[in-house]
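Asker: The structure under discussion is supplied below as structure tokens; questions concerning it will follow.
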Amino acid sequence: MAGVTDRPFRMLCKRMGAGYAVSEMVAANPQLWGTQKSRRRTDHVGEVAPIAVQIAGADPLTLADAARHNVDRGAEIIDINMGCPAKKVCNAAAGSALLANEPLVARIVAAVVRAVDVPVTLKIRTGPSPRERNAVAIARIAEDAGIAALAVHGRTRACLFAGPVEYDTVRAVAHSVRIPVFANGDIETPQRAREVLAYTGAAGLMIGRAAQGRPWIFREIAHYLATGTMLAAPTVAEARVAIVEHLADHYAFYGDVQGVRTARKHLHWYTEQLPGGAEFRHAINTIEFVAAQIEAVEQFFARLAADGERLRYVARSGEAAVERTEGGAQPRAAHANWRTEAIAA
Ligand SMILES: Cc1cc2nc3c(=O)[nH]c(=O)nc-3n(C[C@H](O)[C@H](O)[C@H](O)COP(=O)(O)O)c2cc1C
């Protein structure tokens, strides 16, 4: 996820049980490769294998070159973005806009698969619009071209992030091709994960927004799938260590000045449903220095620790009150920040 799954966050998610984590999308356009943003997105130093890089573009040869470029820089899997609905990508007829042009999809996947000798995967939505759900046709094109796995977000391009996810098309895709299909969209709890796997017959799940602020969701889902029981939420002490380590990695990656600012969104997500989170978020919005940001985090967790051993998620204001200490992943509303964040390639 652009603006979210940078290298520090991917590494944290893998430590917390994610089997696989894909980079933020990288522009296929070589004119953008020199930007600091692109350079960061292609920096995989210390990253745990497999290193998967997502490329976004619309021209088969440009995408093929981008795939080679990223493999030369350490990518062990290339993922092609045909899922993004955002304007900057779709104005260039890239992302999910490509789904409306099946011959072009065929040329792109063939060119990229031919260009590199690592697995190439594809991320799609279910189609351009609810009246044109062509994900099964796209999946067959992809399989025929040698795509190794397919992730399907159960919304169309026209749906953006609105409305419920539709898993029927994801299921139809999973039953139409032999390559692994990963179901994606609104999977926010271990129970939901099991239902979606069972319903769709998918080989795996992709978790996006539910991991924001809750990277432990991966181990919670894995535990539930393996045992049928909910893993206890992390202890406050464990969460504190994980978050402080994440911050250290984040500052090292972005530098202190930018790092303090870009860490705020993670701290917002971490504390979104924790008691006292609103005051904490208000306070950190004006903190500009690493030491002060860490100090604020330490104080927040010291207060939490005084209240109990484990993280206790509470409802956001205006929602029905629920408070649970088991299974940290609670349902959360869809975030509306896709448009501003997603297209930072
Ligand atoms: C802020 C944001 C950035 C995203 N960036 C990307 C991206 O770069 N590439 C991509 O394939 N999907 C991207 N997505 C879509 C997610 O991968 C995922 O398909 C979508 O959020 C639905 O899954 P979820 O409900 O688990 O979040 C992004 C989503 C969000 C909210």
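Residues are named by chain letter and number: chains run A, B, ... in the order of the structure tokens, numbers start at 1 in each chain, and ligands are numbered from 1 in the order shown.
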Using only C-alpha atoms, which protein or nucleic acid residues come within 12 Å of Val48 of chain A? Drop anything in the same chain fewer than 3 positions from it, and give the result as a list in words.

Answerer: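 In the requested format, the answer is Arg7, Pro8, Phe9, Arg10, Met11, Leu12, Cys13, Lys14, Arg15, Ala18, Gly19, Tyr20, Ala21, Val22, His44, Val45, Ile51, Ala52, Gly74, Ala75 and Glu76 of chain A.
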
Asker: Restrict the selected residues to N, CA and C atoms and save them as a short mmCIF file (atom, residue, chain, number, x, y, z; two decimals), in the first residue's frame.

Answerer:
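Ended up saving to out-v3.cif:
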data_model
loop_
_atom_site.label_atom_id
_atom_site.label_comp_id
_atom_site.auth_asym_id
_atom_site.auth_seq_id
_atom_site.Cartn_x
_atom_site.Cartn_y
_atom_site.Cartn_z
N ARG A 7 9.56 -0.14 3.62
CA ARG A 7 10.40 -1.26 4.08
C ARG A 7 10.30 -1.49 5.59
N PRO A 8 10.36 -0.44 6.43
CA PRO A 8 10.24 -0.71 7.88
C PRO A 8 8.93 -1.41 8.24
N PHE A 9 7.83 -0.98 7.63
CA PHE A 9 6.55 -1.59 7.99
C PHE A 9 6.44 -3.02 7.45
N ARG A 10 6.96 -3.23 6.25
CA ARG A 10 6.93 -4.62 5.72
C ARG A 10 7.71 -5.56 6.62
N MET A 11 8.87 -5.07 7.09
CA MET A 11 9.70 -5.95 7.93
C MET A 11 8.99 -6.24 9.25
N LEU A 12 8.32 -5.23 9.79
CA LEU A 12 7.55 -5.45 11.02
C LEU A 12 6.44 -6.48 10.79
N CYS A 13 5.72 -6.33 9.68
CA CYS A 13 4.63 -7.27 9.40
C CYS A 13 5.15 -8.69 9.27
N LYS A 14 6.31 -8.83 8.65
CA LYS A 14 6.87 -10.18 8.52
C LYS A 14 7.27 -10.73 9.88
N ARG A 15 7.82 -9.86 10.73
CA ARG A 15 8.15 -10.34 12.08
C ARG A 15 6.90 -10.77 12.82
N ALA A 18 3.36 -12.16 8.87
CA ALA A 18 2.96 -12.10 7.46
C ALA A 18 3.90 -12.99 6.65
N GLY A 19 3.33 -13.81 5.79
CA GLY A 19 4.16 -14.71 5.00
C GLY A 19 4.78 -14.00 3.82
N TYR A 20 4.25 -12.83 3.51
CA TYR A 20 4.61 -12.19 2.26
C TYR A 20 4.18 -10.74 2.35
N ALA A 21 4.99 -9.83 1.86
CA ALA A 21 4.60 -8.42 1.90
C ALA A 21 5.15 -7.74 0.65
N VAL A 22 4.29 -6.99 -0.03
CA VAL A 22 4.67 -6.37 -1.31
C VAL A 22 5.01 -4.91 -1.09
N HIS A 44 15.94 -2.19 -0.63
CA HIS A 44 15.53 -3.41 0.08
C HIS A 44 16.59 -3.90 1.06
N VAL A 45 17.49 -3.00 1.44
CA VAL A 45 18.59 -3.40 2.32
C VAL A 45 18.04 -4.05 3.60
N ILE A 51 11.55 -10.69 -1.51
CA ILE A 51 11.39 -9.26 -1.76
C ILE A 51 10.48 -9.10 -2.98
N ALA A 52 9.29 -8.56 -2.76
CA ALA A 52 8.30 -8.44 -3.83
C ALA A 52 8.07 -6.97 -4.13
N GLY A 74 17.28 -6.20 -6.67
CA GLY A 74 17.02 -7.13 -5.57
C GLY A 74 15.64 -7.74 -5.52
N ALA A 75 14.73 -7.33 -6.42
CA ALA A 75 13.38 -7.90 -6.37
C ALA A 75 13.43 -9.39 -6.70
N GLU A 76 12.76 -10.18 -5.89
CA GLU A 76 12.70 -11.63 -6.12
C GLU A 76 11.33 -12.04 -6.68
#

Asker: DSSP says strand (DSSP E or B) for which residues of segment 54-224 of chain A? Put them as a list in words?

Answerer: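 After running DSSP on the backbone, segment 54-224 of chain A has strand (DSSP E or B) at Gln54, Ile55, Ala56, Ile77, Ile78, Asp79, Ile80, Asn81, Met82, Val120, Thr121, Leu122, Lys123, Ile124, Arg125, Ser129, Glu132, Ala149, Leu150, Ala151, Val152, His153, Val181, Phe182, Ala183, Asn184, Gly204, Leu205 and Met206 of chain A.
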
Asker: Those residues you just picked out, can you put them in a file as an mmCIF file, in the first residue's frame with N, CA and C atoms?

Answerer:
data_model
loop_
_atom_site.group_PDB
_atom_site.id
_atom_site.type_symbol
_atom_site.label_atom_id
_atom_site.label_comp_id
_atom_site.auth_asym_id
_atom_site.auth_seq_id
_atom_site.Cartn_x
_atom_site.Cartn_y
_atom_site.Cartn_z
ATOM 1 N N GLN A 54 6.085 -4.087 -6.423
ATOM 2 C CA GLN A 54 4.958 -3.852 -7.319
ATOM 3 C C GLN A 54 5.281 -2.717 -8.285
ATOM 4 N N ILE A 55 5.020 -2.943 -9.566
ATOM 5 C CA ILE A 55 5.248 -1.901 -10.566
ATOM 6 C C ILE A 55 3.901 -1.444 -11.126
ATOM 7 N N ALA A 56 3.839 -0.145 -11.472
ATOM 8 C CA ALA A 56 2.598 0.426 -11.999
ATOM 9 C C ALA A 56 2.907 1.184 -13.276
ATOM 10 N N ILE A 77 10.385 -11.115 -6.610
ATOM 11 C CA ILE A 77 9.061 -11.294 -7.202
ATOM 12 C C ILE A 77 8.657 -9.928 -7.762
ATOM 13 N N ILE A 78 8.085 -9.930 -8.953
ATOM 14 C CA ILE A 78 7.535 -8.686 -9.512
ATOM 15 C C ILE A 78 6.021 -8.803 -9.505
ATOM 16 N N ASP A 79 5.371 -7.785 -8.965
ATOM 17 C CA ASP A 79 3.911 -7.744 -8.933
ATOM 18 C C ASP A 79 3.452 -6.582 -9.819
ATOM 19 N N ILE A 80 2.465 -6.827 -10.660
ATOM 20 C CA ILE A 80 1.967 -5.756 -11.543
ATOM 21 C C ILE A 80 0.673 -5.201 -10.939
ATOM 22 N N ASN A 81 0.612 -3.875 -10.858
ATOM 23 C CA ASN A 81 -0.570 -3.220 -10.273
ATOM 24 C C ASN A 81 -1.652 -3.028 -11.328
ATOM 25 N N MET A 82 -2.733 -3.771 -11.190
ATOM 26 C CA MET A 82 -3.936 -3.483 -11.981
ATOM 27 C C MET A 82 -5.113 -3.348 -11.014
ATOM 28 N N VAL A 120 6.306 -13.594 -11.597
ATOM 29 C CA VAL A 120 5.558 -12.345 -11.790
ATOM 30 C C VAL A 120 4.130 -12.588 -11.317
ATOM 31 N N THR A 121 3.638 -11.722 -10.451
ATOM 32 C CA THR A 121 2.273 -11.857 -9.926
ATOM 33 C C THR A 121 1.460 -10.638 -10.358
ATOM 34 N N LEU A 122 0.164 -10.732 -10.174
ATOM 35 C CA LEU A 122 -0.717 -9.664 -10.658
ATOM 36 C C LEU A 122 -1.730 -9.320 -9.585
ATOM 37 N N LYS A 123 -1.961 -8.026 -9.408
ATOM 38 C CA LYS A 123 -2.994 -7.570 -8.461
ATOM 39 C C LYS A 123 -4.101 -6.909 -9.258
ATOM 40 N N ILE A 124 -5.340 -7.389 -9.091
ATOM 41 C CA ILE A 124 -6.455 -6.836 -9.860
ATOM 42 C C ILE A 124 -7.633 -6.507 -8.945
ATOM 43 N N ARG A 125 -8.583 -5.775 -9.502
ATOM 44 C CA ARG A 125 -9.923 -5.683 -8.922
ATOM 45 C C ARG A 125 -10.827 -6.621 -9.714
ATOM 46 N N SER A 129 -16.243 -2.059 -13.601
ATOM 47 C CA SER A 129 -17.445 -1.566 -12.927
ATOM 48 C C SER A 129 -18.326 -2.764 -12.596
ATOM 49 N N GLU A 132 -19.385 -4.766 -15.479
ATOM 50 C CA GLU A 132 -18.332 -5.407 -16.302
ATOM 51 C C GLU A 132 -17.332 -6.101 -15.375
ATOM 52 N N ALA A 149 0.840 -15.932 -9.603
ATOM 53 C CA ALA A 149 -0.212 -15.855 -8.580
ATOM 54 C C ALA A 149 -0.973 -14.555 -8.793
ATOM 55 N N LEU A 150 -2.179 -14.542 -8.261
ATOM 56 C CA LEU A 150 -3.082 -13.432 -8.543
ATOM 57 C C LEU A 150 -3.731 -12.975 -7.235
ATOM 58 N N ALA A 151 -3.706 -11.675 -6.971
ATOM 59 C CA ALA A 151 -4.443 -11.149 -5.813
ATOM 60 C C ALA A 151 -5.659 -10.397 -6.337
ATOM 61 N N VAL A 152 -6.824 -10.675 -5.766
ATOM 62 C CA VAL A 152 -8.060 -10.054 -6.255
ATOM 63 C C VAL A 152 -8.728 -9.276 -5.126
ATOM 64 N N HIS A 153 -8.810 -7.968 -5.310
ATOM 65 C CA HIS A 153 -9.570 -7.109 -4.388
ATOM 66 C C HIS A 153 -11.028 -7.151 -4.854
ATOM 67 N N VAL A 181 -4.647 -18.009 -5.939
ATOM 68 C CA VAL A 181 -5.390 -16.748 -5.905
ATOM 69 C C VAL A 181 -5.455 -16.292 -4.442
ATOM 70 N N PHE A 182 -5.157 -15.012 -4.214
ATOM 71 C CA PHE A 182 -5.244 -14.436 -2.874
ATOM 72 C C PHE A 182 -6.467 -13.531 -2.816
ATOM 73 N N ALA A 183 -7.337 -13.787 -1.863
ATOM 74 C CA ALA A 183 -8.533 -12.958 -1.700
ATOM 75 C C ALA A 183 -8.175 -11.721 -0.897
ATOM 76 N N ASN A 184 -8.724 -10.587 -1.307
ATOM 77 C CA ASN A 184 -8.387 -9.328 -0.643
ATOM 78 C C ASN A 184 -9.618 -8.429 -0.529
ATOM 79 N N GLY A 204 -4.859 -18.084 -0.440
ATOM 80 C CA GLY A 204 -4.326 -17.232 0.620
ATOM 81 C C GLY A 204 -5.114 -15.941 0.705
ATOM 82 N N LEU A 205 -4.710 -15.129 1.682
ATOM 83 C CA LEU A 205 -5.409 -13.865 1.917
ATOM 84 C C LEU A 205 -4.410 -12.726 1.853
ATOM 85 N N MET A 206 -4.872 -11.577 1.377
ATOM 86 C CA MET A 206 -4.062 -10.370 1.473
ATOM 87 C C MET A 206 -4.761 -9.404 2.409
#

Asker: How many Å lie between atom CA of Glu188 of chain A and atom 5 (N, counted along the ligand's line) of ligand 1, rounded to one decimal?

Answerer: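 Atom-to-atom, atom CA of Glu188 of chain A and atom 5 (N, counted along the ligand's line) of ligand 1 are spaced 16.9 Å apart.
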
Asker: For the interface of segment 192-274 of chain A with segment 166-175 of chain A (cut-off 10 Å, counting only C-alpha atoms), please tabulate each contacting residue of segment 192-274 of chain A alongside its nearest pair of atoms and their separation in Å to one decimal, rows sorted by chain and increasing number, as a tab-separated table.

Answerer:
residue	atom	partner	partner_atom	distance
A:Val196	CA	A:Tyr167	CA	7.6
A:Leu197	CA	A:Arg171	CA	9.3
A:Ala198	CA	A:Arg171	CA	9.6
A:Tyr199	CA	A:Arg171	CA	7.0
A:Thr200	CA	A:Arg171	CA	3.9
A:Gly201	CA	A:Ala174	CA	6.2
A:Ala202	CA	A:Ala174	CA	5.5
A:Ala203	CA	A:Ala174	CA	8.0

Asker: Determine which residues of segment 19-201 of chain A DSSP labels as alpha helix (DSSP H) from the backbone of this structure, then write them out as a PyMOL selection string.

Answerer: chain A and resi 36-41+60-72+87-91+102-115+135-145+167-176+190-200

Asker: Can you list every residue of chain A that has an atom at most 6 Å from ligand 1, with its nearest atom pair and the distance in Å to one decimal, using only C-alpha atoms and all ligand atoms, ordered by chain then number, as a tab-separated table?

Answerer:
residue	atom	partner	partner_atom_place_in_ligand_line	distance
A:Met1	CA	ligand 1	5 (N)	3.2
A:Ala2	CA	ligand 1	5 (N)	4.0
A:Glu24	CA	ligand 1	8 (O)	4.7
A:Met25	CA	ligand 1	8 (O)	4.3
A:Asn81	CA	ligand 1	11 (O)	5.2
A:Gly83	CA	ligand 1	11 (O)	5.2
A:Cys84	CA	ligand 1	12 (N)	5.6
A:Lys123	CA	ligand 1	11 (O)	5.7
A:His153	CA	ligand 1	19 (O)	5.0
A:Asn184	CA	ligand 1	23 (O)	5.2
A:Gly185	CA	ligand 1	25 (O)	3.6
A:Asp186	CA	ligand 1	25 (O)	3.4
A:Ile187	CA	ligand 1	26 (O)	5.4
A:Ile207	CA	ligand 1	26 (O)	4.2
A:Gly208	CA	ligand 1	26 (O)	3.4
A:Arg209	CA	ligand 1	27 (O)	3.7
A:Ala210	CA	ligand 1	26 (O)	5.9
A:Asn337	CA	ligand 1	1 (C)	5.7
A:Trp338	CA	ligand 1	1 (C)	4.2
A:Glu341	CA	ligand 1	1 (C)	5.0
A:Ala342	CA	ligand 1	3 (C)	4.1

Asker: Find the residues around Ile221 of chain A up to 10 Å (only C-alpha atoms counted), leave out those fewer than 5 positions away in its own chain, and share them as a PyMOL selection string.

Answerer: chain A and resi 17-18+188-194+205+216+226-231+327+329

Asker: Let's have the selection written as a tab-separated table (two decimals), in the first residue's frame, with N, CA and C atoms.

Answerer:
chain	number	residue	atom	x	y	z
A	17	GLY	N	4.34	-12.22	11.51
A	17	GLY	CA	3.68	-13.39	10.96
A	17	GLY	C	3.21	-13.31	9.53
A	18	ALA	N	3.36	-12.16	8.87
A	18	ALA	CA	2.96	-12.10	7.46
A	18	ALA	C	3.90	-12.99	6.65
A	188	GLU	N	-10.68	-8.21	8.25
A	188	GLU	CA	-10.28	-7.40	9.41
A	188	GLU	C	-10.17	-8.20	10.70
A	189	THR	N	-10.63	-9.43	10.69
A	189	THR	CA	-10.57	-10.25	11.90
A	189	THR	C	-10.19	-11.68	11.51
A	190	PRO	N	-9.69	-12.44	12.48
A	190	PRO	CA	-9.39	-13.85	12.19
A	190	PRO	C	-10.61	-14.63	11.72
A	191	GLN	N	-11.77	-14.33	12.31
A	191	GLN	CA	-12.98	-15.05	11.91
A	191	GLN	C	-13.33	-14.76	10.45
A	192	ARG	N	-13.20	-13.48	10.11
A	192	ARG	CA	-13.48	-13.08	8.74
A	192	ARG	C	-12.50	-13.77	7.78
A	193	ALA	N	-11.26	-13.87	8.21
A	193	ALA	CA	-10.25	-14.51	7.37
A	193	ALA	C	-10.66	-15.94	7.06
A	194	ARG	N	-11.12	-16.64	8.08
A	194	ARG	CA	-11.49	-18.05	7.87
A	194	ARG	C	-12.71	-18.15	6.95
A	205	LEU	N	-4.71	-15.13	1.68
A	205	LEU	CA	-5.41	-13.86	1.92
A	205	LEU	C	-4.41	-12.73	1.85
A	216	TRP	N	0.19	-7.15	14.33
A	216	TRP	CA	0.05	-8.49	14.94
A	216	TRP	C	-1.16	-9.24	14.39
A	226	ALA	N	-5.07	-22.01	12.40
A	226	ALA	CA	-4.44	-23.27	12.80
A	226	ALA	C	-5.17	-23.95	13.95
A	227	THR	N	-5.76	-23.16	14.86
A	227	THR	CA	-6.28	-23.75	16.10
A	227	THR	C	-7.78	-23.54	16.32
A	228	GLY	N	-8.35	-22.55	15.62
A	228	GLY	CA	-9.76	-22.22	15.87
A	228	GLY	C	-9.96	-21.42	17.14
A	229	THR	N	-8.89	-21.03	17.79
A	229	THR	CA	-9.02	-20.20	19.00
A	229	THR	C	-8.33	-18.85	18.78
A	230	MET	N	-8.81	-17.87	19.53
A	230	MET	CA	-8.26	-16.52	19.38
A	230	MET	C	-6.99	-16.36	20.21
A	231	LEU	N	-5.99	-15.82	19.58
A	231	LEU	CA	-4.76	-15.50	20.31
A	231	LEU	C	-5.04	-14.26	21.17
A	327	GLY	N	-7.87	-11.43	20.92
A	327	GLY	CA	-7.94	-11.24	19.47
A	327	GLY	C	-7.96	-9.77	19.12
A	329	ALA	N	-7.69	-7.95	16.70
A	329	ALA	CA	-8.24	-7.35	15.49
A	329	ALA	C	-9.74	-7.18	15.59

Asker: Do you know which residues are at most 10 Å from Pro103 of chain A counting only C-alpha atoms, after dropping those on the same chain fewer than 5 positions away, and could you put them as a short mmCIF file (atom, residue, chain, number, x, y, z; two decimals) with C-alpha atoms, in the first residue's frame?

Answerer:
data_model
loop_
_atom_site.label_atom_id
_atom_site.label_comp_id
_atom_site.auth_asym_id
_atom_site.auth_seq_id
_atom_site.Cartn_x
_atom_site.Cartn_y
_atom_site.Cartn_z
CA LEU A 98 -6.23 -1.50 -17.58
CA ILE A 108 1.57 -6.36 -20.48
CA ILE A 138 -8.33 -11.38 -16.84
CA ILE A 141 -5.22 -14.26 -19.62
#

Asker: Which residue gives the smallest distance to Leu32 of chain A among A:Ala49, A:Ala315, A:Gly57, A:Ala139, with only C-alpha atoms counted?

Answerer: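 Ranking A:Ala49, A:Ala315, A:Gly57, A:Ala139 by distance to Leu32 of chain A, first place goes to A:Gly57.
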
Asker: Extract, using only C-alpha atoms, all DNA, RNA and protein residues at most 10 Å from Leu63 of chain A, discarding same-chain residues fewer than 4 positions from it, and format them as number ranges by chain.

Answerer: A: 27-30, 55-59, 67-69, 80, 108-109, 111-112, 115

Asker: Quick one: of A:Leu104, A:Val165, A:Ala142, A:Ile294, who's nearest to Phe280 of chain A, counting only C-alpha atoms?

Answerer: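 Of A:Leu104, A:Val165, A:Ala142, A:Ile294, the one nearest Phe280 of chain A is A:Ile294, counting only C-alpha atoms.
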
Asker: Rounded to one decimal place, report the atom CA of Arg219 of chain A-atom CA of Met16 of chain A distance in Å.

Answerer: 5.8 Å

Asker: Which is closer to Gln212 of chain A than all the others in A:Gln273, A:Gln299, A:Thr35, A:Gln293, using only C-alpha atoms?

Answerer: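 The shortest atom-to-atom distance to Gln212 of chain A comes from A:Gln273.
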
Asker: When you count only C-alpha atoms, which of these residues is closest to Glu47 of chain A: A:His268, A:Ala306, A:Ser23, A:Ala64?

Answerer: A:Ser23

Asker: List the neighbours of Ala97 of chain A out to 8 Å using only C-alpha atoms; skip same-chain residues closer than 4 positions along the sequence, and give me the result as a ChimeraX atom specification.

Answerer: /A:82,85,90,93,101,128,157

Asker: Tell me which of A:Ala137, A:Ala239, A:Ala283, A:Cys159 sits closest to Leu304 of chain A, counting only C-alpha atoms.

Answerer: A:Ala239

Asker: Suppose you want the space between atom CA of Ala263 of chain A and atom CA of Val26 of chain A; what is it in Å?

Answerer: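 Between atom CA of Ala263 of chain A and atom CA of Val26 of chain A the gap works out to 20.8 Å.
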
Asker: Leaving out Val290 of chain A and any residue of its chain fewer than 6 positions from it, which residues lie within 10 Å of it when counting only C-alpha atoms, given as a ChimeraX atom specification?

Answerer: /A:247-248,251,255-257,259-261,263,296

Asker: Using only C-alpha atoms, pick whichever of A:Ala148, A:Tyr224, A:Lys37, A:Glu143 has the shortest atom-to-atom distance to Glu195 of chain A.

Answerer: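 The answer is A:Tyr224, which sits nearest to Glu195 of chain A.
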